[in-house]
Structure formats: structure tokens, C-alpha cells
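Source file my_file_36.cif; content: mmCIF, C-alpha atoms and all ligand atoms.
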data_coords
loop_
_atom_site.label_atom_id
_atom_site.label_comp_id
_atom_site.auth_asym_id
_atom_site.auth_seq_id
_atom_site.Cartn_x
_atom_site.Cartn_y
_atom_site.Cartn_z
CA MET P 1 160.37 96.85 243.18
CA ALA P 2 162.95 94.32 242.61
CA PHE P 3 161.65 91.22 241.18
CA ASN P 4 164.06 88.85 242.53
CA SER P 5 163.25 85.82 240.56
CA GLY P 6 165.32 83.19 242.09
CA GLU P 7 167.46 82.37 239.23
CA SER P 8 169.55 79.59 240.47
CA ARG P 9 172.50 79.64 238.30
CA GLY P 10 174.56 76.85 239.61
CA PRO P 11 177.95 76.13 238.35
CA SER P 12 177.51 73.86 235.42
CA SER P 13 178.97 70.74 236.75
CA GLY P 14 179.46 69.28 233.36
CA GLY P 15 182.56 67.30 233.50
CA PRO P 16 184.28 66.22 230.37
CA SER P 17 182.00 63.64 228.95
CA SER P 18 183.66 60.32 228.84
CA GLY P 19 184.86 59.83 225.37
CA GLY P 20 182.50 57.15 224.35
CA SER P 21 181.53 58.26 220.94
CA ARG P 22 178.55 56.07 220.58
CA GLU P 23 177.09 56.66 217.25
CA ARG P 24 173.49 55.84 217.03
CA ARG P 25 172.49 54.72 213.64
CA PRO P 26 168.94 54.90 212.52
CA MET P 27 167.75 51.42 211.79
CA ARG P 28 165.88 52.14 208.70
CA ARG P 29 165.35 49.62 206.02
CA GLU P 30 165.49 51.00 202.61
CA GLY P 31 163.27 49.75 199.92
CA GLY P 32 160.60 48.38 202.14
CA GLY P 33 156.99 48.26 201.29
CA LYS P 34 155.54 46.48 198.35
CA PHE P 35 157.82 43.66 197.57
CA PHE P 36 155.46 41.17 196.05
CA LYS P 37 154.38 41.88 192.58
CA GLY P 38 150.98 40.43 192.31
CA LYS P 39 152.23 37.08 193.40
CA LYS P 40 150.93 36.44 196.83
CA LYS P 41 153.29 34.35 198.81
CA HIS P 42 151.23 31.83 200.57
CA CYS P 43 151.39 28.40 201.94
CA ARG P 44 151.62 25.69 199.35
CA PHE P 45 149.42 23.35 201.29
CA CYS P 46 146.73 25.95 201.74
CA ALA P 47 146.83 26.72 198.05
CA ASP P 48 146.69 23.12 196.90
CA GLY P 49 144.38 21.98 199.61
CA THR P 50 146.73 19.15 200.40
CA SER P 51 147.82 18.15 203.83
CA VAL P 52 151.22 17.25 205.11
CA ASP P 53 151.95 13.57 204.99
CA TYR P 54 154.95 12.12 206.71
CA LYS P 55 154.99 9.23 204.27
CA ASN P 56 155.38 11.56 201.36
CA VAL P 57 159.14 11.64 201.38
CA ALA P 58 159.44 13.47 198.10
CA LEU P 59 157.36 16.26 199.49
CA LEU P 60 159.24 16.44 202.74
CA ARG P 61 162.51 16.57 200.90
CA THR P 62 161.44 19.71 199.12
CA PHE P 63 161.16 21.38 202.49
CA THR P 64 164.50 20.27 203.77
CA THR P 65 167.91 21.56 202.86
CA GLU P 66 170.76 19.55 201.41
CA ARG P 67 171.89 18.83 204.90
CA ALA P 68 168.49 17.49 205.76
CA LYS P 69 167.51 20.44 207.85
CA ILE P 70 164.03 21.74 207.83
CA MET P 71 163.79 24.98 205.96
CA PRO P 72 162.58 27.97 207.91
CA ARG P 73 159.16 29.34 207.33
CA ARG P 74 160.44 32.50 205.75
CA SER P 75 161.91 30.53 202.91
CA THR P 76 159.16 28.00 202.51
CA GLY P 77 156.36 30.51 202.72
CA ASN P 78 154.21 28.12 204.65
CA CYS P 79 151.65 29.30 207.08
CA ALA P 80 152.23 28.63 210.74
CA ARG P 81 149.83 25.77 210.85
CA HIS P 82 151.27 23.85 207.94
CA GLN P 83 154.83 24.61 208.86
CA ARG P 84 154.12 23.06 212.21
CA GLN P 85 152.59 20.02 210.57
CA LEU P 86 155.56 19.82 208.30
CA THR P 87 158.04 19.88 211.13
CA THR P 88 156.16 17.13 212.87
CA ALA P 89 156.02 15.13 209.67
CA VAL P 90 159.72 15.54 209.05
CA ARG P 91 160.55 14.46 212.57
CA ARG P 92 158.30 11.48 212.22
CA ALA P 93 159.84 10.55 208.92
CA ARG P 94 163.28 10.82 210.47
CA VAL P 95 162.36 8.43 213.20
CA LEU P 96 161.07 6.02 210.61
CA ALA P 97 164.33 6.46 208.73
CA LEU P 98 162.55 7.76 205.65
CA ILE P 99 164.76 10.82 205.61
CA PRO P 100 168.09 11.29 207.31
CA PHE P 101 168.65 13.30 210.45
CA SER P 102 171.68 14.92 209.02
CA ASN P 103 173.37 14.68 205.71
CA ASP P 104 176.90 15.45 206.62
ZN ZN S 1 148.86 26.51 205.11
#

If you convert what's in this file into C-alpha cells, what do you get?
Amino acid sequence: MAFNSGESRGPSSGGPSSGGSRERRPMRREGGGKFFKGKKKHCRFCADGTSVDYKNVALLRTFTTERAKIMPRRSTGNCARHQRQLTTAVRRARVLALIPFSND
């Protein structure tokens, strides 16, 4: 009884792999997790209960850089809603020439 299990042993057609040594690095961020220490980063407007006012130039200036660019949300800590209001307010204030478009 010959168990002829069809073992197909083909010639390993493994050519020389093209020398593209692509090193795959694991994208792991070290030190993640709890970053805030008790201090909850939240929107200033939500905390104070104030609303964005395009006439409040002093306020708008705190959310713009030296070059009169609107600071990103990750640095202001605003919530999406207020950041949106802020952007609109800054644009409006620019049109009214309360704050400059660019400070170059
Ligand atoms: Zn908010």
C-alpha cells in the first residue's frame, strides 16, 4: 500500500530578492498615556462661559501668532465649536482691519 500523497515539490523559484532593504519601523510612541496631571485641557470659552467676539481684538490677538496667523486648535486647546467661532471672528476682524492679515 503505497500512500502516494501527491507531494508537489516544485523547484523553489525564489529568485534573488531585489535588494530593497526596506526596514519597517514600528511606529510606536513612547511615553504616551496620561499626560495631563489633573489639569484638564479644555476650551477657554467653555470654561469661562464667554463667547467669541470679533470686536474683542485683545482676545483675538491671544489666539493669533506673531505673524497674525490663527493658532491651531492643538495649541489653543479650544473645542471644535469655539475654534470655529474664533476663526470666523478673526477673519471678520481682519476684514474690518482690526487685526492684520499678515504681520510680515
Ligand atoms: Zn468651547

One residue among P:Arg73, P:Arg44, P:Arg24, P:Arg84 is nearest to ligand ZN 1 (chain S) when using all atoms listed in the file, and that residue is P:Arg44

**Request:** Rounded to one decimal place, report the CA of Ala47 in chain P-CA of Pro100 in chain P distance in Å.
**Result:**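 About the pair CA of Ala47 in chain P and CA of Pro100 in chain P: they are 27.9 Å apart.
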
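Distances from P:Leu60, P:Cys79, P:Val95, P:Leu86 to ligand ZN 1 (chain S) were compared using all atoms listed in the file, and the smallest one belongs to P:Cys79.
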
Would you mind listing, for every residue of chain P within 8 Å of ligand ZN 1 (chain S), the two atoms forming the shortest contact and the distance between them in Å to one decimal, using only C-alpha atoms and all ligand atoms, sorted by chain and ascending residue number, as a tab-separated table?
residue	atom	partner	partner_atom	distance
P:His42	CA	S:ZN1	ZN	7.4
P:Cys43	CA	S:ZN1	ZN	4.5
P:Arg44	CA	S:ZN1	ZN	6.4
P:Phe45	CA	S:ZN1	ZN	5.0
P:Cys46	CA	S:ZN1	ZN	4.0
P:Ala47	CA	S:ZN1	ZN	7.3
P:Asn78	CA	S:ZN1	ZN	5.6
P:Cys79	CA	S:ZN1	ZN	4.4
P:Ala80	CA	S:ZN1	ZN	6.9
P:Arg81	CA	S:ZN1	ZN	5.9
P:His82	CA	S:ZN1	ZN	4.6
P:Gln83	CA	S:ZN1	ZN	7.3

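Put simply, CA of Arg67 in chain P is 28.2 Å away from CA of Gly49 in chain P.
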
Go through P:Ala93, P:Gln85, P:Phe101, P:Tyr54 and flag the residue nearest Lys69 in chain P, using all atoms listed in the file for the distances.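 The shortest atom-to-atom distance to Lys69 in chain P comes from P:Phe101.
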